[in-house]
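This is target_4.cif. It holds mmCIF, C-alpha atoms.
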```
data_my_file
loop_
_atom_site.label_atom_id
_atom_site.label_comp_id
_atom_site.auth_asym_id
_atom_site.auth_seq_id
_atom_site.Cartn_x
_atom_site.Cartn_y
_atom_site.Cartn_z
CA MET V 1 88.24 -48.72 0.03
CA ILE V 2 86.59 -51.78 1.60
CA ARG V 3 86.68 -50.17 5.06
CA ARG V 4 85.05 -47.02 3.65
CA THR V 5 82.33 -49.11 1.97
CA LEU V 6 81.66 -51.02 5.21
CA TRP V 7 81.56 -47.74 7.16
CA THR V 8 79.10 -46.25 4.64
CA ALA V 9 76.88 -49.32 4.83
CA MET V 10 76.92 -49.28 8.63
CA LEU V 11 76.16 -45.55 8.67
CA GLY V 12 73.25 -46.11 6.28
CA LYS V 13 71.82 -48.84 8.51
CA PHE V 14 72.19 -46.57 11.56
CA VAL V 15 70.33 -43.71 9.84
CA ARG V 16 67.55 -46.06 8.72
CA LEU V 17 67.29 -47.48 12.25
CA GLN V 18 67.17 -43.96 13.70
CA ASN V 19 64.41 -42.98 11.27
CA LEU V 20 62.48 -46.13 12.14
CA LEU V 21 62.73 -45.33 15.84
CA LEU V 22 61.45 -41.80 15.20
CA ILE V 23 58.51 -43.19 13.25
CA LEU V 24 57.70 -45.68 16.01
CA MET V 25 57.91 -42.93 18.63
CA SER V 26 55.55 -40.75 16.62
CA LEU V 27 53.09 -43.60 16.21
CA SER V 28 53.24 -44.37 19.92
CA VAL V 29 52.38 -40.74 20.74
CA LEU V 30 49.44 -40.87 18.36
CA PHE V 31 48.32 -44.16 19.86
CA VAL V 32 48.46 -42.78 23.41
CA ARG V 33 46.46 -39.73 22.36
CA GLU V 34 43.85 -41.86 20.65
CA ALA V 35 43.78 -44.32 23.54
CA HIS V 36 42.96 -41.58 26.06
CA PRO V 37 40.53 -39.13 24.45
CA GLN V 38 38.72 -36.74 26.74
CA THR V 39 35.37 -37.96 27.94
CA VAL V 40 32.22 -35.86 27.92
CA ASP V 41 32.43 -35.61 31.73
CA GLU V 42 36.01 -34.32 31.55
CA ILE V 43 35.13 -31.74 28.90
CA PHE V 44 32.07 -30.58 30.82
CA GLN V 45 34.11 -30.35 34.03
CA ASN V 46 36.65 -28.16 32.20
CA PHE V 47 33.75 -25.93 31.12
CA LYS V 48 32.43 -25.72 34.71
CA THR V 49 35.90 -24.85 35.98
CA ALA V 50 36.27 -22.09 33.39
CA TYR V 51 32.84 -20.80 34.41
CA ALA V 52 33.88 -20.75 38.06
CA GLN V 53 37.01 -18.76 37.21
CA SER V 54 35.19 -16.18 35.07
CA ASN V 55 33.48 -13.07 36.42
CA ASN V 56 31.89 -12.10 33.13
CA PHE V 57 31.71 -13.14 29.50
CA SER V 58 30.75 -11.12 26.43
CA ALA V 59 30.31 -11.81 22.73
CA ASN V 60 28.56 -10.87 19.54
CA PHE V 61 25.99 -13.44 18.45
CA GLU V 62 24.07 -14.67 15.45
CA GLU V 63 20.84 -16.46 16.31
CA THR V 64 19.32 -18.74 13.68
CA THR V 65 15.80 -20.09 14.22
CA LEU V 66 14.19 -22.84 12.14
CA PHE V 67 10.47 -23.53 12.56
CA ALA V 68 7.82 -24.89 10.19
CA GLN V 69 10.29 -24.74 7.28
CA LYS V 70 10.90 -21.06 7.94
CA LYS V 71 14.28 -19.60 8.81
CA SER V 72 14.97 -16.35 10.63
CA VAL V 73 18.30 -14.82 11.60
CA ALA V 74 18.84 -12.21 14.31
CA ARG V 75 22.09 -10.60 15.42
CA GLY V 76 23.27 -8.74 18.45
CA ARG V 77 25.60 -8.69 21.42
CA PHE V 78 25.43 -9.73 25.06
CA ILE V 79 27.32 -9.48 28.31
CA PHE V 80 26.83 -12.20 30.91
CA GLY V 81 27.86 -11.56 34.52
CA LYS V 82 27.81 -14.02 37.39
CA PRO V 83 25.73 -15.41 38.80
CA ASN V 84 22.64 -14.41 36.78
CA LEU V 85 23.22 -11.02 35.21
CA LEU V 86 22.64 -10.43 31.53
CA ARG V 87 22.44 -7.57 29.09
CA LYS V 88 21.38 -8.75 25.64
CA GLU V 89 20.84 -6.43 22.69
CA TYR V 90 19.27 -7.41 19.38
CA VAL V 91 20.35 -4.98 16.67
CA ASP V 92 18.98 -3.80 13.34
CA ARG V 93 20.19 -5.97 10.46
CA ASN V 94 21.33 -2.89 8.51
CA ASP V 95 22.54 -0.71 11.39
CA THR V 96 24.22 -2.53 14.29
CA SER V 97 24.26 0.65 16.38
CA LYS V 98 20.45 0.58 16.50
CA VAL V 99 18.99 -1.64 19.24
CA VAL V 100 15.63 -3.17 18.32
CA GLN V 101 15.17 -5.10 21.55
CA LEU V 102 16.92 -5.04 24.91
CA THR V 103 16.80 -7.69 27.63
CA VAL V 104 18.28 -7.12 31.07
CA LEU V 105 18.42 -9.66 33.89
CA ASP V 106 19.38 -7.89 37.10
CA GLY V 107 19.37 -10.96 39.38
CA GLU V 108 15.86 -10.28 40.65
CA TYR V 109 13.82 -9.32 37.59
CA GLY V 110 13.96 -9.84 33.88
CA TRP V 111 13.22 -6.78 31.72
CA THR V 112 12.55 -6.77 27.99
CA TYR V 113 12.21 -3.45 26.19
CA THR V 114 11.04 -3.05 22.58
CA PRO V 115 11.75 0.54 21.45
CA ILE V 116 9.43 0.53 18.43
CA LEU V 117 6.51 -0.27 20.76
CA ASN V 118 7.93 1.70 23.69
CA GLN V 119 6.87 -1.28 25.77
CA VAL V 120 8.53 -3.08 28.69
CA ASN V 121 7.79 -6.59 29.96
CA LYS V 122 8.80 -7.24 33.56
CA MET V 123 9.14 -10.76 34.94
CA LYS V 124 10.27 -12.15 38.28
CA TRP V 125 13.54 -14.08 38.30
CA ASN V 126 12.30 -17.00 40.39
CA ASN V 127 15.59 -18.31 41.69
CA PRO V 128 18.35 -15.69 42.04
CA GLU V 129 20.87 -18.38 43.07
CA ARG V 130 20.28 -20.46 39.94
CA ARG V 131 23.35 -20.55 37.72
CA GLU V 132 22.50 -21.26 34.11
CA LEU V 133 24.77 -22.38 31.29
CA LEU V 134 23.98 -18.97 29.88
CA PRO V 135 21.01 -17.03 31.23
CA GLY V 136 17.93 -17.60 29.16
CA ILE V 137 18.62 -21.09 27.79
CA GLY V 138 17.08 -22.76 30.82
CA ALA V 139 19.54 -25.34 32.17
CA SER V 140 21.14 -24.80 35.56
CA LEU V 141 24.87 -25.45 35.49
CA GLU V 142 24.84 -27.28 38.81
CA ASP V 143 21.91 -29.51 37.84
CA VAL V 144 23.02 -30.60 34.38
CA GLN V 145 24.48 -33.99 35.29
CA LYS V 146 21.49 -34.78 37.49
CA ASN V 147 18.85 -33.75 34.97
CA TYR V 148 20.43 -34.50 31.59
CA ASP V 149 22.19 -37.35 29.81
CA MET V 150 25.33 -35.92 28.25
CA THR V 151 26.73 -37.19 24.96
CA LEU V 152 29.84 -36.10 23.09
CA ILE V 153 28.96 -35.63 19.40
CA PRO V 154 31.89 -36.37 17.02
CA ASP V 155 32.55 -33.66 14.42
CA GLU V 156 35.29 -34.19 11.86
CA PHE V 157 35.51 -30.45 11.16
CA ALA V 158 35.17 -28.97 14.66
CA ASN V 159 37.16 -31.52 16.68
CA PRO V 160 40.54 -30.88 14.96
CA LYS V 161 40.07 -27.20 15.88
CA GLY V 162 39.66 -28.12 19.54
CA VAL V 163 35.89 -27.57 19.58
CA HIS V 164 33.73 -30.17 21.33
CA GLN V 165 29.95 -30.52 21.02
CA ILE V 166 28.00 -31.75 24.03
CA GLU V 167 24.37 -32.79 23.61
CA LEU V 168 22.16 -32.63 26.69
CA ALA V 169 19.08 -34.84 26.52
CA PRO V 170 16.58 -34.53 29.40
CA LYS V 171 16.21 -37.49 31.70
CA VAL V 172 12.75 -39.00 32.21
CA HIS V 173 11.83 -36.80 35.17
CA MET V 174 12.63 -33.68 33.09
CA VAL V 175 10.56 -34.53 30.01
CA ASN V 176 7.61 -32.22 29.45
CA THR V 177 4.48 -33.97 28.18
CA ASN V 178 3.89 -31.16 25.68
CA ALA V 179 7.40 -30.72 24.39
CA LYS V 180 10.85 -32.30 24.59
CA GLU V 181 13.83 -29.95 24.54
CA THR V 182 17.38 -31.05 23.75
CA LEU V 183 20.25 -28.68 24.42
CA GLN V 184 23.63 -28.42 22.73
CA ILE V 185 26.74 -26.56 23.75
CA TRP V 186 30.02 -26.25 21.88
CA VAL V 187 33.11 -25.49 23.98
CA LYS V 188 36.66 -24.83 22.83
CA SER V 189 39.78 -26.31 24.38
CA GLY V 190 42.07 -23.88 26.12
CA GLU V 191 39.83 -21.35 27.82
CA TRP V 192 36.95 -23.88 27.74
CA LEU V 193 34.33 -21.24 27.05
CA PRO V 194 31.26 -21.73 24.82
CA VAL V 195 31.57 -20.75 21.15
CA GLN V 196 28.07 -21.89 20.18
CA PHE V 197 24.95 -23.19 21.89
CA GLY V 198 21.46 -24.14 20.88
CA TYR V 199 18.34 -26.09 21.60
CA GLU V 200 15.83 -28.14 19.67
CA THR V 201 12.22 -28.48 20.80
CA GLU V 202 9.99 -31.32 19.63
CA PHE V 203 6.32 -30.54 20.25
CA GLU V 204 3.52 -32.99 20.93
CA ASP V 205 2.23 -32.73 17.37
CA GLY V 206 5.62 -33.71 15.93
CA THR V 207 6.73 -30.27 14.79
CA ARG V 208 10.20 -29.07 15.70
CA GLN V 209 11.86 -25.77 16.40
CA SER V 210 15.62 -25.34 16.58
CA VAL V 211 17.70 -22.36 17.61
CA ILE V 212 21.46 -22.10 17.12
CA VAL V 213 23.42 -19.19 18.59
CA THR V 214 26.95 -18.70 17.22
CA LEU V 215 29.35 -16.50 19.19
CA THR V 216 32.16 -14.28 17.88
CA GLU V 217 34.50 -11.69 19.39
CA ILE V 218 34.37 -13.53 22.68
CA LYS V 219 35.90 -11.69 25.64
CA ARG V 220 36.29 -12.70 29.25
CA ASP V 221 36.48 -10.65 32.45
CA LYS V 222 36.09 -7.20 30.91
CA LYS V 223 35.90 -4.16 33.13
CA LEU V 224 32.18 -3.34 33.23
CA ALA V 225 30.25 -0.20 34.00
CA PRO V 226 28.60 -0.51 37.45
CA ASP V 227 25.10 0.18 36.08
CA LEU V 228 25.35 -2.17 33.08
CA PHE V 229 22.85 -4.67 34.49
CA LYS V 230 20.45 -2.07 35.89
CA PHE V 231 17.35 -1.34 33.84
CA VAL V 232 15.73 2.09 33.85
CA VAL V 233 12.22 2.23 32.39
CA PRO V 234 12.23 4.69 29.47
CA LYS V 235 10.04 7.75 29.79
CA ASP V 236 6.39 7.15 28.90
CA ALA V 237 7.00 3.45 28.20
CA GLU V 238 4.15 1.03 28.87
CA VAL V 239 5.14 -1.51 31.54
CA ILE V 240 3.49 -4.94 31.44
CA ASP V 241 4.17 -6.40 34.88
CA LEU V 242 4.17 -10.18 34.79
CA SER V 243 6.21 -10.54 37.97
CA GLU V 244 3.20 -11.60 40.06
CA ASN V 245 2.11 -14.35 37.67
#
```
What would you get if you wrote out this structure as structure tokens?
Amino acid sequence: MIRRTLWTAMLGKFVRLQNLLLILMSLSVLFVREAHPQTVDEIFQNFKTAYAQSNNFSANFEETTLFAQKKSVARGRFIFGKPNLLRKEYVDRNDTSKVVQLTVLDGEYGWTYTPILNQVNKMKWNNPERRELLPGIGASLEDVQKNYDMTLIPDEFANPKGVHQIELAPKVHMVNTNAKETLQIWVKSGEWLPVQFGYETEFEDGTRQSVIVTLTEIKRDKKLAPDLFKFVVPKDAEVIDLSEN
């Protein structure tokens, strides 16, 4: 009886010791993870690598604009092809099959068509080799670290989901005297593709405008129609050629 009691006591101590070791091991893993969080440079490099490995990227979007205490929301879809190809469609709020504005970047020109006006604006794409974060938001992917200070913004809701927010503040040589524009991009761990991006502009008079674009149904490297990024001027449309300006 005494031997059995001693054996039970020893077994109990062994189990408690084993549990304590498991707890300590778990804490050490947590400590290592907390001690070596990813830096903003590492996260941005992961994003650049994912960009380099992607041929195209498509998504539905919701674009929210705030200006002078007014809010507007537009929705649509886009397909982005490397290096500077874009097809972006804004759709009717009640009928998503109806396109209310179409923008096409073909690598040489930018075309914007508004069906209700039957009007096309044509602009020259000044630098065909320029690789933007996403065409149209202005920042070249290669020039970001040279032209912007990058900061990782903590987010208690997004971070546990593997989403990281990077804020890009222009360096002194990039600041416009009339307006200061700060960019944001949210990238998700794993495929390291953007799930949201935006920019905030502060004008000389102190007013601000912010635009946030949230992406859903994100797809990568789809098989695309060969003429997807070619724009054909609709019949009888008025063409405003700004390509020489």
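The space between CA of Thr65 (chain V) and CA of Ala50 (chain V) spans 28.1 Å.
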| task | Point out the residue among V:Gly190, V:Pro170, V:Pro160, V:Gly81 with the least atom-to-atom distance to Thr49 (chain V), counting only C-alpha atoms. | result |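 Between V:Gly190, V:Pro170, V:Pro160, V:Gly81, the residue approaching Thr49 (chain V) most closely is V:Gly190.
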| What does the distance between CA of Lys219 (chain V) and CA of Phe57 (chain V) come to in Å, to one decimal place? |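 Taking CA of Lys219 (chain V) as the start and CA of Phe57 (chain V) as the end point, the length is 5.9 Å.
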| task | Determine the residue membership of the PyMOL selection byres ((chain V and resi 186-188) around 9) for the file above and supply it as a VMD selection string. | result | chain V and resid 43 to 44 47 161 to 167 184 to 185 189 to 198
| Top pick for closest residue to Thr103 (chain V), considering V:Leu85, V:Ala225, V:Val73, V:Leu183 and counting only C-alpha atoms | V:Leu85
| query | Between V:Asn147, V:Asn84, V:Thr39, V:Thr96, which is the closest to Gly110 (chain V) once you count all atoms listed in the file? | reply |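 Among the listed residues, the smallest separation from Gly110 (chain V) belongs to V:Asn84.
For the pair CA of Val233 (chain V) and CA of Leu102 (chain V), the interatomic distance is 11.4 Å.
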Please check which residues have atoms at most 12 Å from (9.8, 2.0, 16.5) in the file's coordinates, counting all atoms listed in the file, and write them as a tab-separated table (two decimals) with C-alpha atoms, in the frame of the given file.
```tsv
chain	number	residue	atom	x	y	z
V	92	ASP	CA	18.98	-3.80	13.34
V	98	LYS	CA	20.45	0.58	16.50
V	99	VAL	CA	18.99	-1.64	19.24
V	100	VAL	CA	15.63	-3.17	18.32
V	101	GLN	CA	15.17	-5.10	21.55
V	113	TYR	CA	12.21	-3.45	26.19
V	114	THR	CA	11.04	-3.05	22.58
V	115	PRO	CA	11.75	0.54	21.45
V	116	ILE	CA	9.43	0.53	18.43
V	117	LEU	CA	6.51	-0.27	20.76
V	118	ASN	CA	7.93	1.70	23.69
V	119	GLN	CA	6.87	-1.28	25.77
```
| Nearest to Gln69 (chain V): which of V:Thr207, V:Trp125, V:Thr214, V:Gln53 is it, counting all atoms listed in the file? |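 Ranked by minimum distance to Gln69 (chain V), first place goes to V:Thr207.
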| query | Which residues, written as a PyMOL selection string, have at least one atom at most 8 Å from Phe203 (chain V), with all atoms listed in the file counted and residues fewer than 4 positions away on the same chain left out? | reply | chain V and resi 178-180+207-208
| message | Which residue is closest to Lys222 (chain V)? Choose from V:Asn176, V:Asn94, V:Ser72, V:Asn56 and count all atoms listed in the file. | response |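 Once distances to Lys222 (chain V) are computed over all atoms listed in the file, the minimum belongs to V:Asn56.
The nearest approach to Pro234 (chain V) among the residues V:Lys171, V:Val120, V:Leu66, V:Glu217, with only C-alpha atoms taken into account, belongs to V:Val120.
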Axis-aligned box over every listed atom of region 75-81 of chain V, padded by 5 Å per side: centre and edges in Å to one decimal, as lines of an AutoDock Vina configuration file?
```
center_x = 25.0
center_y = -10.4
center_z = 25.0
size_x = 15.8
size_y = 13.5
size_z = 29.1
```
| field | Selection near Lys71 (chain V), 12 Å with only C-alpha atoms, sequence-local residues under 4 positions removed, as a list in words | value | Glu63, Thr64, Thr65, Leu66, Phe67, Gln209, Ser210, Val211 and Ile212 of chain V
| Resolved residues for the PyMOL selection byres ((chain V and resi 244) around 10) as JSON, numbers by chain | {"V": [122, 123, 124, 241, 242, 243, 245]}
| request: Enumerate, as a ChimeraX atom specification, the residues matched when the PyMOL selection byres ((chain V and resi 75) around 8) is run on the file above. | output: /V:60-63,73-74,76-77,90-93
As a compact mmCIF listing (two decimals), keeping the file's coordinate frame, could you write out region 43-68 of chain V once it has been completed with N, CA and C atoms?
```txt
# COMPACT_ATOMS: atom_id res chain seq x y z
N ILE V 43 35.31 -32.99 29.65
CA ILE V 43 35.13 -31.74 28.90
C ILE V 43 34.15 -30.83 29.62
N PHE V 44 33.05 -31.40 30.12
CA PHE V 44 32.07 -30.58 30.82
C PHE V 44 32.65 -30.04 32.12
N GLN V 45 33.48 -30.82 32.80
CA GLN V 45 34.11 -30.35 34.03
C GLN V 45 35.06 -29.20 33.73
N ASN V 46 35.78 -29.28 32.60
CA ASN V 46 36.65 -28.16 32.20
C ASN V 46 35.82 -26.90 31.97
N PHE V 47 34.66 -27.06 31.34
CA PHE V 47 33.75 -25.93 31.12
C PHE V 47 33.29 -25.34 32.45
N LYS V 48 32.89 -26.20 33.40
CA LYS V 48 32.43 -25.72 34.71
C LYS V 48 33.54 -24.98 35.45
N THR V 49 34.77 -25.50 35.33
CA THR V 49 35.90 -24.85 35.98
C THR V 49 36.16 -23.47 35.39
N ALA V 50 36.08 -23.38 34.06
CA ALA V 50 36.27 -22.09 33.39
C ALA V 50 35.18 -21.12 33.81
N TYR V 51 33.96 -21.63 33.95
CA TYR V 51 32.84 -20.80 34.41
C TYR V 51 33.13 -20.26 35.81
N ALA V 52 33.61 -21.14 36.68
CA ALA V 52 33.88 -20.75 38.06
C ALA V 52 34.97 -19.69 38.15
N GLN V 53 35.90 -19.70 37.18
CA GLN V 53 37.01 -18.76 37.21
C GLN V 53 36.71 -17.46 36.48
N SER V 54 35.53 -17.36 35.84
CA SER V 54 35.19 -16.18 35.07
C SER V 54 34.20 -15.31 35.84
N ASN V 55 34.42 -14.00 35.82
CA ASN V 55 33.48 -13.07 36.42
C ASN V 55 32.43 -12.62 35.42
N ASN V 56 32.84 -12.48 34.17
CA ASN V 56 31.89 -12.10 33.13
C ASN V 56 32.37 -12.60 31.78
N PHE V 57 31.48 -12.54 30.81
CA PHE V 57 31.71 -13.14 29.50
C PHE V 57 30.88 -12.36 28.50
N SER V 58 31.50 -11.90 27.42
CA SER V 58 30.75 -11.12 26.43
C SER V 58 31.07 -11.62 25.03
N ALA V 59 30.13 -11.37 24.11
CA ALA V 59 30.31 -11.81 22.73
C ALA V 59 29.27 -11.16 21.83
N ASN V 60 29.58 -11.13 20.54
CA ASN V 60 28.56 -10.87 19.54
C ASN V 60 27.91 -12.20 19.20
N PHE V 61 26.65 -12.18 18.77
CA PHE V 61 25.99 -13.44 18.45
C PHE V 61 25.17 -13.34 17.17
N GLU V 62 25.00 -14.51 16.56
CA GLU V 62 24.07 -14.67 15.45
C GLU V 62 23.13 -15.80 15.81
N GLU V 63 21.84 -15.51 15.85
CA GLU V 63 20.84 -16.46 16.31
C GLU V 63 19.98 -16.91 15.14
N THR V 64 20.07 -18.18 14.81
CA THR V 64 19.32 -18.74 13.68
C THR V 64 18.21 -19.63 14.20
N THR V 65 16.97 -19.33 13.78
CA THR V 65 15.80 -20.09 14.22
C THR V 65 15.15 -20.77 13.03
N LEU V 66 14.89 -22.07 13.17
CA LEU V 66 14.19 -22.84 12.14
C LEU V 66 12.90 -23.37 12.74
N PHE V 67 11.77 -23.05 12.08
CA PHE V 67 10.47 -23.53 12.56
C PHE V 67 9.50 -23.57 11.39
N ALA V 68 8.82 -24.72 11.25
CA ALA V 68 7.82 -24.89 10.19
C ALA V 68 8.39 -24.50 8.83
```
